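Asks: Sharing work.cif, mmCIF, C-alpha atoms and all ligand atoms:
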```
data_model
loop_
_atom_site.label_atom_id
_atom_site.label_comp_id
_atom_site.auth_asym_id
_atom_site.auth_seq_id
_atom_site.Cartn_x
_atom_site.Cartn_y
_atom_site.Cartn_z
CA MET A 1 7.38 -19.82 4.92
CA SER A 2 5.04 -22.71 4.31
CA PRO A 3 3.70 -22.96 0.75
CA ILE A 4 0.28 -21.45 0.13
CA PRO A 5 -2.33 -23.64 -1.57
CA ALA A 6 -2.96 -22.11 -4.98
CA THR A 7 -6.51 -23.33 -5.19
CA SER A 8 -8.55 -21.34 -2.62
CA PRO A 9 -10.94 -18.95 -4.34
CA THR A 10 -10.41 -15.31 -3.40
CA PRO A 11 -13.03 -12.54 -3.38
CA PRO A 12 -13.26 -9.44 -5.54
CA CYS A 13 -12.10 -6.48 -3.46
CA ALA A 14 -10.74 -2.97 -3.24
CA GLU A 15 -7.00 -2.74 -2.72
CA LEU A 16 -6.27 0.20 -0.42
CA HIS A 17 -2.66 -0.24 0.66
CA LEU A 18 -0.35 -0.50 -2.31
CA HIS A 19 2.92 1.31 -3.06
CA LEU A 20 3.35 1.59 -6.84
CA GLU A 21 7.13 1.48 -6.40
CA GLY A 22 6.63 -1.76 -4.49
CA THR A 23 5.20 -3.41 -7.61
CA LEU A 24 8.55 -3.11 -9.42
CA GLU A 25 9.32 -6.75 -10.21
CA VAL A 26 12.91 -7.92 -10.71
CA PRO A 27 12.55 -8.41 -14.51
CA MET A 28 11.34 -4.81 -14.84
CA VAL A 29 14.21 -3.55 -12.65
CA LEU A 30 16.66 -5.18 -15.07
CA GLU A 31 14.79 -4.11 -18.19
CA LEU A 32 14.50 -0.44 -17.16
CA ALA A 33 18.11 -0.34 -15.94
CA ASP A 34 19.14 -1.53 -19.40
CA ARG A 35 16.80 0.88 -21.22
CA ASN A 36 17.95 3.86 -19.13
CA GLY A 37 21.67 3.00 -19.09
CA ILE A 38 21.75 2.64 -15.29
CA ARG A 39 24.45 0.51 -13.62
CA LEU A 40 22.77 -1.40 -10.82
CA PRO A 41 24.72 -2.14 -7.62
CA THR A 42 23.62 -5.79 -8.09
CA PRO A 43 23.22 -6.36 -11.84
CA ASP A 44 23.08 -10.16 -11.64
CA GLU A 45 19.46 -11.38 -11.36
CA ASP A 46 20.13 -14.27 -8.97
CA ALA A 47 22.33 -12.11 -6.75
CA LEU A 48 19.67 -9.40 -6.76
CA ARG A 49 16.97 -11.90 -5.77
CA ARG A 50 19.11 -13.09 -2.88
CA ARG A 51 18.90 -9.58 -1.43
CA TYR A 52 15.13 -9.98 -0.92
CA ALA A 53 15.60 -11.69 2.46
CA PHE A 54 14.78 -8.75 4.72
CA THR A 55 15.35 -8.46 8.45
CA ASP A 56 13.13 -5.44 9.13
CA LEU A 57 11.49 -2.41 7.51
CA ALA A 58 14.80 -0.53 7.16
CA SER A 59 16.55 -3.39 5.34
CA PHE A 60 13.65 -3.58 2.87
CA LEU A 61 13.47 0.19 2.32
CA ALA A 62 17.19 0.30 1.43
CA LEU A 63 16.62 -2.05 -1.55
CA TYR A 64 13.24 -0.53 -2.42
CA TYR A 65 14.77 2.95 -2.81
CA GLU A 66 17.83 1.53 -4.60
CA ASN A 67 15.64 -0.18 -7.20
CA THR A 68 13.50 2.93 -7.81
CA ALA A 69 16.61 4.47 -9.45
CA VAL A 70 15.65 2.66 -12.68
CA LEU A 71 12.40 4.66 -12.95
CA ARG A 72 13.28 7.80 -14.91
CA THR A 73 10.66 8.75 -17.50
CA ALA A 74 6.89 9.14 -17.70
CA ALA A 75 6.89 5.98 -19.85
CA ASP A 76 8.68 4.04 -17.07
CA PHE A 77 6.07 5.09 -14.50
CA ALA A 78 3.27 4.24 -16.93
CA ALA A 79 4.75 0.77 -17.55
CA LEU A 80 5.04 0.15 -13.79
CA THR A 81 1.46 1.27 -13.12
CA GLY A 82 0.00 -0.58 -16.10
CA ALA A 83 1.70 -3.86 -15.07
CA TYR A 84 0.27 -3.52 -11.56
CA LEU A 85 -3.27 -2.94 -12.85
CA ARG A 86 -3.03 -5.98 -15.15
CA ARG A 87 -1.92 -8.23 -12.28
CA ALA A 88 -4.42 -6.63 -9.87
CA SER A 89 -7.29 -7.35 -12.24
CA GLU A 90 -6.22 -11.03 -12.33
CA ALA A 91 -6.26 -10.89 -8.51
CA GLY A 92 -9.87 -9.72 -8.47
CA VAL A 93 -9.20 -6.07 -7.62
CA LEU A 94 -12.14 -3.94 -8.78
CA HIS A 95 -10.97 -0.69 -7.19
CA ALA A 96 -7.41 0.33 -6.32
CA GLU A 97 -6.26 3.28 -4.21
CA VAL A 98 -2.53 3.34 -4.79
CA MET A 99 0.23 5.51 -3.38
CA PHE A 100 3.54 6.74 -4.71
CA ASP A 101 6.56 8.42 -3.10
CA PRO A 102 7.23 11.76 -4.86
CA GLN A 103 10.37 12.53 -2.81
CA ALA A 104 12.02 9.24 -3.82
CA HIS A 105 12.02 10.47 -7.41
CA VAL A 106 12.44 14.25 -7.08
CA ALA A 107 15.55 13.65 -4.94
CA ARG A 108 17.10 11.80 -7.93
CA GLY A 109 16.37 14.64 -10.33
CA VAL A 110 13.26 13.08 -11.89
CA PRO A 111 10.68 15.84 -12.50
CA LEU A 112 7.52 15.30 -10.46
CA GLY A 113 5.55 16.19 -13.58
CA ALA A 114 6.95 13.12 -15.39
CA VAL A 115 6.04 10.84 -12.47
CA VAL A 116 2.48 12.17 -12.25
CA GLU A 117 2.01 12.17 -16.03
CA GLY A 118 3.04 8.52 -16.39
CA VAL A 119 1.14 7.23 -13.37
CA ALA A 120 -2.05 9.19 -14.13
CA ALA A 121 -2.11 8.18 -17.80
CA ALA A 122 -1.69 4.48 -16.91
CA LEU A 123 -4.35 4.65 -14.19
CA GLU A 124 -6.79 6.07 -16.69
CA GLU A 125 -5.92 3.68 -19.51
CA GLY A 126 -5.48 0.58 -17.33
CA GLY A 127 -8.60 1.43 -15.41
CA ARG A 128 -10.55 1.48 -18.68
CA GLU A 129 -8.93 -1.70 -20.03
CA PHE A 130 -9.42 -3.72 -16.85
CA GLY A 131 -12.59 -2.11 -15.46
CA ILE A 132 -10.77 -1.01 -12.30
CA SER A 133 -11.66 2.32 -10.70
CA THR A 134 -8.68 4.03 -9.08
CA GLY A 135 -7.50 6.66 -6.62
CA LEU A 136 -3.99 8.10 -6.26
CA PHE A 137 -2.25 9.15 -3.04
CA ALA A 138 1.01 11.07 -2.71
CA ALA A 139 2.86 9.72 0.33
CA PHE A 140 5.27 11.89 2.29
CA LEU A 141 8.47 10.23 3.51
CA ARG A 142 8.38 10.53 7.31
CA ASP A 143 12.17 10.16 7.64
CA ARG A 144 12.63 13.33 5.60
CA PRO A 145 11.97 16.86 6.94
CA ALA A 146 8.37 18.13 6.95
CA THR A 147 9.54 21.12 4.89
CA GLU A 148 10.09 18.70 1.98
CA ALA A 149 6.54 17.40 2.37
CA HIS A 150 5.23 20.99 2.15
CA ALA A 151 7.29 21.55 -1.02
CA VAL A 152 5.92 18.33 -2.57
CA LEU A 153 2.36 19.41 -1.79
CA ASP A 154 3.07 22.84 -3.35
CA GLU A 155 4.36 21.20 -6.50
CA LEU A 156 1.48 18.74 -6.74
CA LEU A 157 -0.94 21.66 -6.52
CA ALA A 158 0.98 23.62 -9.17
CA LEU A 159 0.82 20.56 -11.45
CA ASP A 160 -2.89 20.15 -10.72
CA ALA A 161 -2.02 16.51 -10.04
CA PRO A 162 -5.10 14.25 -9.95
CA ILE A 163 -4.59 13.03 -6.37
CA THR A 164 -7.28 11.72 -4.04
CA GLY A 165 -5.21 12.47 -1.00
CA VAL A 166 -1.94 12.26 0.88
CA GLY A 167 -0.25 9.53 2.88
CA LEU A 168 2.72 8.98 5.18
CA ASP A 169 5.23 6.17 4.80
CA SER A 170 8.91 5.08 5.03
CA ALA A 171 10.90 4.39 8.22
CA GLU A 172 8.45 4.65 11.11
CA LEU A 173 10.32 4.32 14.41
CA GLY A 174 11.53 7.70 15.68
CA TYR A 175 9.36 9.63 13.20
CA PRO A 176 6.01 10.20 14.96
CA PRO A 177 2.95 11.61 13.19
CA SER A 178 3.27 14.91 15.11
CA LEU A 179 6.10 15.94 12.75
CA PHE A 180 3.60 16.13 9.88
CA ALA A 181 0.60 17.73 11.60
CA ASP A 182 0.94 21.02 9.68
CA VAL A 183 1.22 19.55 6.20
CA PHE A 184 -1.67 17.17 6.87
CA ALA A 185 -3.72 20.14 8.12
CA ARG A 186 -3.00 21.88 4.81
CA ALA A 187 -4.08 18.78 2.88
CA ARG A 188 -7.26 18.57 4.93
CA ALA A 189 -8.09 22.23 4.31
CA LEU A 190 -7.67 21.55 0.58
CA GLY A 191 -10.28 18.78 0.81
CA LEU A 192 -7.79 15.96 0.28
CA HIS A 193 -8.23 12.57 1.91
CA ARG A 194 -5.63 11.47 4.47
CA ILE A 195 -4.09 8.07 5.14
CA ALA A 196 -1.01 7.24 7.22
CA HIS A 197 1.18 4.26 8.03
CA ALA A 198 1.12 3.71 11.79
CA GLY A 199 1.59 0.79 14.12
CA GLU A 200 3.59 -1.31 11.63
CA GLU A 201 6.89 -1.19 13.54
CA GLY A 202 5.95 1.86 15.59
CA PRO A 203 3.92 1.81 18.81
CA ALA A 204 0.14 2.03 19.22
CA GLY A 205 0.63 5.69 20.24
CA TYR A 206 1.55 6.48 16.62
CA ILE A 207 -1.91 5.27 15.58
CA VAL A 208 -3.48 7.63 18.11
CA GLY A 209 -1.25 10.42 16.78
CA ALA A 210 -2.22 9.68 13.17
CA LEU A 211 -5.91 9.94 14.12
CA ASP A 212 -5.75 12.95 16.42
CA LEU A 213 -2.93 15.02 14.91
CA LEU A 214 -3.09 14.10 11.21
CA HIS A 215 -6.85 13.47 11.07
CA ALA A 216 -6.05 10.31 9.15
CA GLU A 217 -9.19 8.64 7.83
CA ARG A 218 -7.48 5.29 7.33
CA ILE A 219 -4.52 3.63 9.05
CA ASP A 220 -2.06 1.62 6.97
CA HIS A 221 -1.08 -1.54 8.89
CA GLY A 222 -2.15 -0.62 12.44
CA ILE A 223 -1.37 -4.12 13.69
CA ARG A 224 0.14 -2.87 16.96
CA CYS A 225 -3.22 -1.36 17.98
CA LEU A 226 -3.87 -4.53 19.99
CA GLU A 227 -1.32 -3.32 22.56
CA ASP A 228 -3.77 -0.56 23.61
CA PRO A 229 -7.27 -1.79 24.60
CA ALA A 230 -8.70 1.75 24.73
CA LEU A 231 -7.48 2.34 21.19
CA VAL A 232 -8.99 -0.95 20.02
CA ALA A 233 -12.34 0.09 21.51
CA ARG A 234 -12.15 3.43 19.70
CA LEU A 235 -11.13 1.87 16.36
CA ALA A 236 -14.01 -0.59 16.61
CA ALA A 237 -16.61 1.98 17.70
CA GLU A 238 -15.66 4.44 14.95
CA ARG A 239 -15.03 1.71 12.35
CA ILE A 240 -11.69 3.23 11.51
CA PRO A 241 -10.18 1.26 8.61
CA LEU A 242 -6.94 -0.65 9.11
CA THR A 243 -5.32 -1.79 5.86
CA VAL A 244 -3.50 -4.94 6.91
CA CYS A 245 -0.79 -6.60 4.77
CA PRO A 246 -0.12 -10.10 6.14
CA LEU A 247 2.69 -11.25 3.81
CA SER A 248 4.46 -7.91 4.24
CA ASN A 249 4.33 -8.26 8.03
CA VAL A 250 5.90 -11.72 7.81
CA ARG A 251 8.65 -10.70 5.37
CA LEU A 252 9.58 -7.62 7.43
CA HIS A 253 9.43 -9.57 10.71
CA ALA A 254 6.73 -7.31 12.13
CA VAL A 255 5.30 -10.71 13.17
CA PRO A 256 7.45 -13.81 13.75
CA GLU A 257 5.37 -16.00 11.37
CA LEU A 258 1.99 -15.94 9.68
CA ALA A 259 0.51 -18.17 12.37
CA ALA A 260 1.22 -15.36 14.87
CA HIS A 261 -0.40 -12.64 12.75
CA PRO A 262 -2.99 -10.61 14.68
CA LEU A 263 -5.55 -10.61 11.83
CA PRO A 264 -7.91 -13.16 13.46
CA GLY A 265 -7.69 -11.30 16.77
CA MET A 266 -8.42 -8.01 15.03
CA LEU A 267 -11.48 -9.49 13.32
CA ALA A 268 -12.65 -11.03 16.59
CA GLN A 269 -12.52 -7.56 18.20
CA GLY A 270 -14.79 -6.18 15.49
CA LEU A 271 -12.13 -4.06 13.80
CA ASN A 272 -12.57 -2.80 10.24
CA VAL A 273 -9.71 -4.76 8.71
CA SER A 274 -8.98 -5.26 5.02
CA VAL A 275 -6.35 -7.39 3.28
CA ASN A 276 -3.79 -5.73 1.01
CA SER A 277 -0.41 -6.42 -0.59
CA ASP A 278 1.72 -3.34 0.33
CA ASP A 279 4.78 -4.04 -1.89
CA PRO A 280 3.86 -7.24 -3.76
CA ALA A 281 7.07 -7.48 -5.81
CA TYR A 282 9.05 -7.67 -2.56
CA PHE A 283 6.88 -9.68 -0.20
CA GLY A 284 5.87 -12.77 -2.14
CA GLY A 285 2.50 -11.90 -3.50
CA TYR A 286 -0.36 -9.74 -4.68
CA VAL A 287 -3.66 -9.30 -2.86
CA ASP A 288 -5.02 -12.70 -3.97
CA ASP A 289 -1.87 -14.35 -2.59
CA ASN A 290 -2.47 -12.53 0.71
CA PHE A 291 -6.08 -13.75 0.80
CA ARG A 292 -5.00 -17.34 0.04
CA ALA A 293 -2.31 -17.22 2.71
CA VAL A 294 -4.63 -16.06 5.50
CA ALA A 295 -7.45 -18.35 4.34
CA ALA A 296 -5.12 -21.36 4.55
CA GLN A 297 -3.40 -20.30 7.77
CA PHE A 298 -6.54 -19.40 9.72
CA SER A 299 -9.06 -21.69 7.99
CA LEU A 300 -11.14 -18.73 6.81
CA GLY A 301 -14.21 -19.60 4.74
CA ALA A 302 -15.96 -17.61 2.04
CA ALA A 303 -18.05 -15.70 4.60
CA GLU A 304 -14.96 -14.40 6.39
CA LEU A 305 -13.14 -13.59 3.14
CA ALA A 306 -16.23 -11.73 1.93
CA ARG A 307 -16.30 -9.79 5.23
CA LEU A 308 -12.71 -8.68 4.63
CA ALA A 309 -13.55 -7.70 1.05
CA LEU A 310 -16.68 -5.78 2.14
CA ASN A 311 -14.53 -3.96 4.70
CA SER A 312 -12.22 -2.87 1.87
CA VAL A 313 -15.18 -1.52 -0.10
CA GLU A 314 -16.56 0.32 2.94
CA SER A 315 -13.11 1.82 3.64
CA SER A 316 -12.49 3.11 0.11
CA PHE A 317 -13.16 6.67 -0.98
CA VAL A 318 -15.44 5.78 -3.91
CA PRO A 319 -18.79 7.50 -4.49
CA ALA A 320 -21.85 5.74 -3.04
CA GLU A 321 -23.01 4.32 -6.36
CA ARG A 322 -19.66 2.65 -7.11
CA SER A 323 -19.52 1.42 -3.51
CA ARG A 324 -22.88 -0.34 -3.97
CA GLU A 325 -21.63 -1.87 -7.21
CA LEU A 326 -18.47 -3.18 -5.53
CA ALA A 327 -20.37 -4.52 -2.52
CA GLY A 328 -22.79 -6.24 -4.91
CA ALA A 329 -19.87 -7.99 -6.62
CA VAL A 330 -18.58 -9.26 -3.27
CA GLU A 331 -22.07 -10.46 -2.25
CA ALA A 332 -22.44 -12.26 -5.60
CA TRP A 333 -19.06 -13.94 -5.05
CA ARG A 334 -20.10 -15.08 -1.59
CA ALA A 335 -23.39 -16.46 -2.92
CA ALA A 336 -21.49 -18.34 -5.65
CA GLN A 337 -19.34 -19.95 -2.97
CA GLY A 338 -22.53 -21.26 -1.37
CA GLN A 339 -22.17 -19.21 1.83
N1 LIG B 1 7.18 2.22 1.82
C1 LIG B 1 6.94 1.16 1.02
N2 LIG B 1 6.51 0.13 1.76
C2 LIG B 1 6.44 0.54 3.04
C3 LIG B 1 6.04 -0.06 4.26
N3 LIG B 1 5.62 -1.32 4.33
N4 LIG B 1 6.12 0.67 5.39
C4 LIG B 1 6.54 1.93 5.34
N5 LIG B 1 6.93 2.54 4.23
C5 LIG B 1 6.87 1.86 3.08
ZN ZN B 2 2.85 0.30 3.12
#
```
As structure tokens, please, write out the structure in this file.
Ligand code: ADE
Ligand code: ZN
Replies:
Amino acid sequence: MSPIPATSPTPPCAELHLHLEGTLEVPMVLELADRNGIRLPTPDEDALRRRYAFTDLASFLALYYENTAVLRTAADFAALTGAYLRRASEAGVLHAEVMFDPQAHVARGVPLGAVVEGVAAALEEGGREFGISTGLFAAFLRDRPATEAHAVLDELLALDAPITGVGLDSAELGYPPSLFADVFARARALGLHRIAHAGEEGPAGYIVGALDLLHAERIDHGIRCLEDPALVARLAAERIPLTVCPLSNVRLHAVPELAAHPLPGMLAQGLNVSVNSDDPAYFGGYVDDNFRAVAAQFSLGAAELARLALNSVESSFVPAERSRELAGAVEAWRAAQGQ
């Protein structure tokens, strides 16, 4: 990858596509492994870092799930979440809707209550400290049976977990949205918001399925929508949000290089696209790094960066008053850039 100029200013924004487990930086992996007495498959830091050269989504997910083994207690999840909010505030994030993978922890014998307790406490405390409003999504693993997703939802309800909604992630190809129609219908009936990964590695038809079968209100990634002109027209007409993660797409070879990323084409077609970091500890940067990378690659000016940031505000699930506040901050940033 070509180096990204560190100087471009980046706008304040809402971050809408962020996996908390994907913010687990190597130093924290090593520190928590030590604290929790866990023997890592790759305990040497340099050797571990060498494993971050991914070939596709599956090769990344293997390491991502392996590293989550160091997260055991509510305090671990609070430390993870607090570190993300600190870095996000430096990146200009004013509102963060973050997701976590309950099944990745329950399957290892970690009580869901401990996960939720740690994450929720840190969101509240970090939100106060950094002035970031937050939302929390529980993501179902699509390569696990739907029965597990139902059980997770049951447990989240029993815990009265403070979730904004549910999501769908993990290995995409071969696991279409239709498998999760029932559990998403339950979430919808409960008044929960719905987001879903679709069109990252999977075909445009998975985006259609996420909209029609899961009633997803936001699509995570969605970059393969461009393969279906009728879908593009629908996404544009309905202003359906697509949470795009450029550095992630490069690192997972969803696109051959940043220069080939469809972001400019998506903007040109009037799509509601925002910029996000996905799993920043794994893909070379937080949301500001993603903004700088696309600004440099596609010669985007302050007006275009502000458009992307306003899209993120519009696509968030914040109340109207907070939305106006966030949009005002983006407009003020644009004015300060002289655009
Ligand atoms: N889980 C964490 N990151 C993911 C991604 N980029 N796609 C699907 N599942 C994920
Ligand atoms: Zn993701």
Asks: Please find the residues contacting ligand ZN 2 (chain B) at a distance of at most 7 Å between atoms, with all atoms listed in the file counted, and report them as an MDAnalysis selection string.
Replies: chainID A and resid 17:19 169 197 220 278:279
Asks: Write out as number ranges by chain which residues come within 7 Å of A:Gly22 when counting only C-alpha atoms, dropping same-chain ones fewer than 5 positions away.
Replies: A: 279-282
Asks: Do you have the atom CA of A:Pro241-atom CA of A:Leu271 distance handy?
Replies: 7.7 Å
Asks: Can you work out the spacing between atom CA of A:Ala83 and atom CA of A:Glu31 in Å, to one decimal?
Replies: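 Here the two named atoms are 13.5 Å from each other.
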Asks: Give me the chain A side of the contact with ligand LIG 1 (chain B), cut-off 10 Å, one line per residue showing its nearest atom pair and distance in Å at one decimal, counting only C-alpha atoms and all ligand atoms, sorted by chain and residue number, as JSON lines.
Replies:
```
{"residue": "A:His17", "atom": "CA", "partner": "B:LIG1", "partner_atom": "N3", "distance": 9.1}
{"residue": "A:Leu18", "atom": "CA", "partner": "B:LIG1", "partner_atom": "N2", "distance": 8.0}
{"residue": "A:His19", "atom": "CA", "partner": "B:LIG1", "partner_atom": "C1", "distance": 5.7}
{"residue": "A:Leu20", "atom": "CA", "partner": "B:LIG1", "partner_atom": "C1", "distance": 8.7}
{"residue": "A:Glu21", "atom": "CA", "partner": "B:LIG1", "partner_atom": "C1", "distance": 7.4}
{"residue": "A:Gly22", "atom": "CA", "partner": "B:LIG1", "partner_atom": "C1", "distance": 6.2}
{"residue": "A:Thr23", "atom": "CA", "partner": "B:LIG1", "partner_atom": "C1", "distance": 9.9}
{"residue": "A:Asp56", "atom": "CA", "partner": "B:LIG1", "partner_atom": "N3", "distance": 9.8}
{"residue": "A:Leu57", "atom": "CA", "partner": "B:LIG1", "partner_atom": "N4", "distance": 6.5}
{"residue": "A:Ala58", "atom": "CA", "partner": "B:LIG1", "partner_atom": "C4", "distance": 8.8}
{"residue": "A:Phe60", "atom": "CA", "partner": "B:LIG1", "partner_atom": "N2", "distance": 8.1}
{"residue": "A:Leu61", "atom": "CA", "partner": "B:LIG1", "partner_atom": "N1", "distance": 6.6}
{"residue": "A:Tyr64", "atom": "CA", "partner": "B:LIG1", "partner_atom": "C1", "distance": 7.4}
{"residue": "A:Tyr65", "atom": "CA", "partner": "B:LIG1", "partner_atom": "C1", "distance": 8.9}
{"residue": "A:Met99", "atom": "CA", "partner": "B:LIG1", "partner_atom": "C1", "distance": 9.1}
{"residue": "A:Phe100", "atom": "CA", "partner": "B:LIG1", "partner_atom": "C1", "distance": 8.7}
{"residue": "A:Asp101", "atom": "CA", "partner": "B:LIG1", "partner_atom": "N1", "distance": 7.9}
{"residue": "A:Ala139", "atom": "CA", "partner": "B:LIG1", "partner_atom": "N1", "distance": 8.8}
{"residue": "A:Phe140", "atom": "CA", "partner": "B:LIG1", "partner_atom": "N5", "distance": 9.7}
{"residue": "A:Leu141", "atom": "CA", "partner": "B:LIG1", "partner_atom": "N5", "distance": 7.9}
{"residue": "A:Arg142", "atom": "CA", "partner": "B:LIG1", "partner_atom": "N5", "distance": 8.7}
{"residue": "A:Asp143", "atom": "CA", "partner": "B:LIG1", "partner_atom": "N5", "distance": 9.9}
{"residue": "A:Leu168", "atom": "CA", "partner": "B:LIG1", "partner_atom": "N5", "distance": 7.8}
{"residue": "A:Asp169", "atom": "CA", "partner": "B:LIG1", "partner_atom": "N5", "distance": 4.0}
{"residue": "A:Ser170", "atom": "CA", "partner": "B:LIG1", "partner_atom": "N5", "distance": 3.3}
{"residue": "A:Ala171", "atom": "CA", "partner": "B:LIG1", "partner_atom": "C4", "distance": 5.8}
{"residue": "A:Glu172", "atom": "CA", "partner": "B:LIG1", "partner_atom": "C4", "distance": 6.7}
{"residue": "A:Ala196", "atom": "CA", "partner": "B:LIG1", "partner_atom": "C4", "distance": 9.4}
{"residue": "A:His197", "atom": "CA", "partner": "B:LIG1", "partner_atom": "C4", "distance": 6.4}
{"residue": "A:Ala198", "atom": "CA", "partner": "B:LIG1", "partner_atom": "C4", "distance": 8.6}
{"residue": "A:Gly199", "atom": "CA", "partner": "B:LIG1", "partner_atom": "N4", "distance": 9.8}
{"residue": "A:Glu200", "atom": "CA", "partner": "B:LIG1", "partner_atom": "N4", "distance": 7.0}
{"residue": "A:Glu201", "atom": "CA", "partner": "B:LIG1", "partner_atom": "N4", "distance": 8.4}
{"residue": "A:Asp220", "atom": "CA", "partner": "B:LIG1", "partner_atom": "N4", "distance": 8.4}
{"residue": "A:His221", "atom": "CA", "partner": "B:LIG1", "partner_atom": "N3", "distance": 8.1}
{"residue": "A:Cys245", "atom": "CA", "partner": "B:LIG1", "partner_atom": "N3", "distance": 8.3}
{"residue": "A:Ser248", "atom": "CA", "partner": "B:LIG1", "partner_atom": "N3", "distance": 6.7}
{"residue": "A:Asn249", "atom": "CA", "partner": "B:LIG1", "partner_atom": "N3", "distance": 8.0}
{"residue": "A:Arg251", "atom": "CA", "partner": "B:LIG1", "partner_atom": "N3", "distance": 9.9}
{"residue": "A:Leu252", "atom": "CA", "partner": "B:LIG1", "partner_atom": "N3", "distance": 8.1}
{"residue": "A:Ala254", "atom": "CA", "partner": "B:LIG1", "partner_atom": "N3", "distance": 9.9}
{"residue": "A:Ser277", "atom": "CA", "partner": "B:LIG1", "partner_atom": "N3", "distance": 9.3}
{"residue": "A:Asp278", "atom": "CA", "partner": "B:LIG1", "partner_atom": "N3", "distance": 5.9}
{"residue": "A:Asp279", "atom": "CA", "partner": "B:LIG1", "partner_atom": "N2", "distance": 5.8}
{"residue": "A:Pro280", "atom": "CA", "partner": "B:LIG1", "partner_atom": "N2", "distance": 9.6}
{"residue": "A:Tyr282", "atom": "CA", "partner": "B:LIG1", "partner_atom": "N2", "distance": 9.3}
{"residue": "A:Phe283", "atom": "CA", "partner": "B:LIG1", "partner_atom": "N3", "distance": 9.6}
```
Asks: Nearest to A:Arg186: which of A:Val110, A:Leu157, A:Leu242, A:Ile219 is it, counting all atoms listed in the file?
Replies: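 Among A:Val110, A:Leu157, A:Leu242, A:Ile219, it is A:Leu157 that comes nearest to A:Arg186.
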Asks: For A:Leu179, list every protein, DNA or RNA residue within 10 Å, evaluated using only C-alpha atoms, and leave out those in the same chain fewer than 3 positions away; present the list as a PyMOL selection string.
Replies: chain A and resi 142-143+145-146+175-176+182-184+213-214
Asks: If you count only C-alpha atoms, which residues fall within 9 Å of A:Gly270, apart from same-chain ones fewer than 6 positions away, as a PyMOL selection string?
Replies: chain A and resi 235-237+239
Asks: With only C-alpha atoms as the basis for distance, which of A:Ala268, A:Phe130, A:Gly209, A:Phe54 is at the shortest distance from A:Leu226?
Replies: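 Ranked by minimum distance to A:Leu226, first place goes to A:Ala268.
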Asks: So that I can see what lies close to A:Leu40, please list as a VMD selection string the residues with an atom at most 12 Å from it, counting only C-alpha atoms and leaving out residues fewer than 6 positions away in the same chain.
Replies: chain A and resid 26 29 to 34 47 to 48 63 66 to 70
Asks: So how far away is atom CA of A:Leu159 from atom CA of A:Leu112, in Å?
Replies: 8.6 Å
Asks: From the list A:Arg234, A:Arg307, A:Arg324, A:His215, which residue is nearest A:Arg188 when using all atoms listed in the file?
Replies: A:His215
Asks: When distances are computed from only C-alpha atoms, which of A:Pro319, A:Gly202, A:Gly301, A:Gly92 shows the smallest separation from A:Gly338?
Replies: A:Gly301
Asks: Identify, on the basis of all atoms listed in the file, every residue whose closest approach to A:Ala309 does not exceed 7 Å; exclude the query and any residue fewer than 4 positions from it along the same chain; express the result as a list in words.
Replies: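 So the residues in contact are Pro11, Pro12, Cys13, Ala14, Ser274, Leu305, Val313 and Val330 of chain A.
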Asks: Determine the nearest neighbour of A:Ala122 from the options A:Gly135, A:Gly82, A:Pro102, A:Gly205, counting all atoms listed in the file.
Replies: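 The shortest atom-to-atom distance to A:Ala122 comes from A:Gly82.
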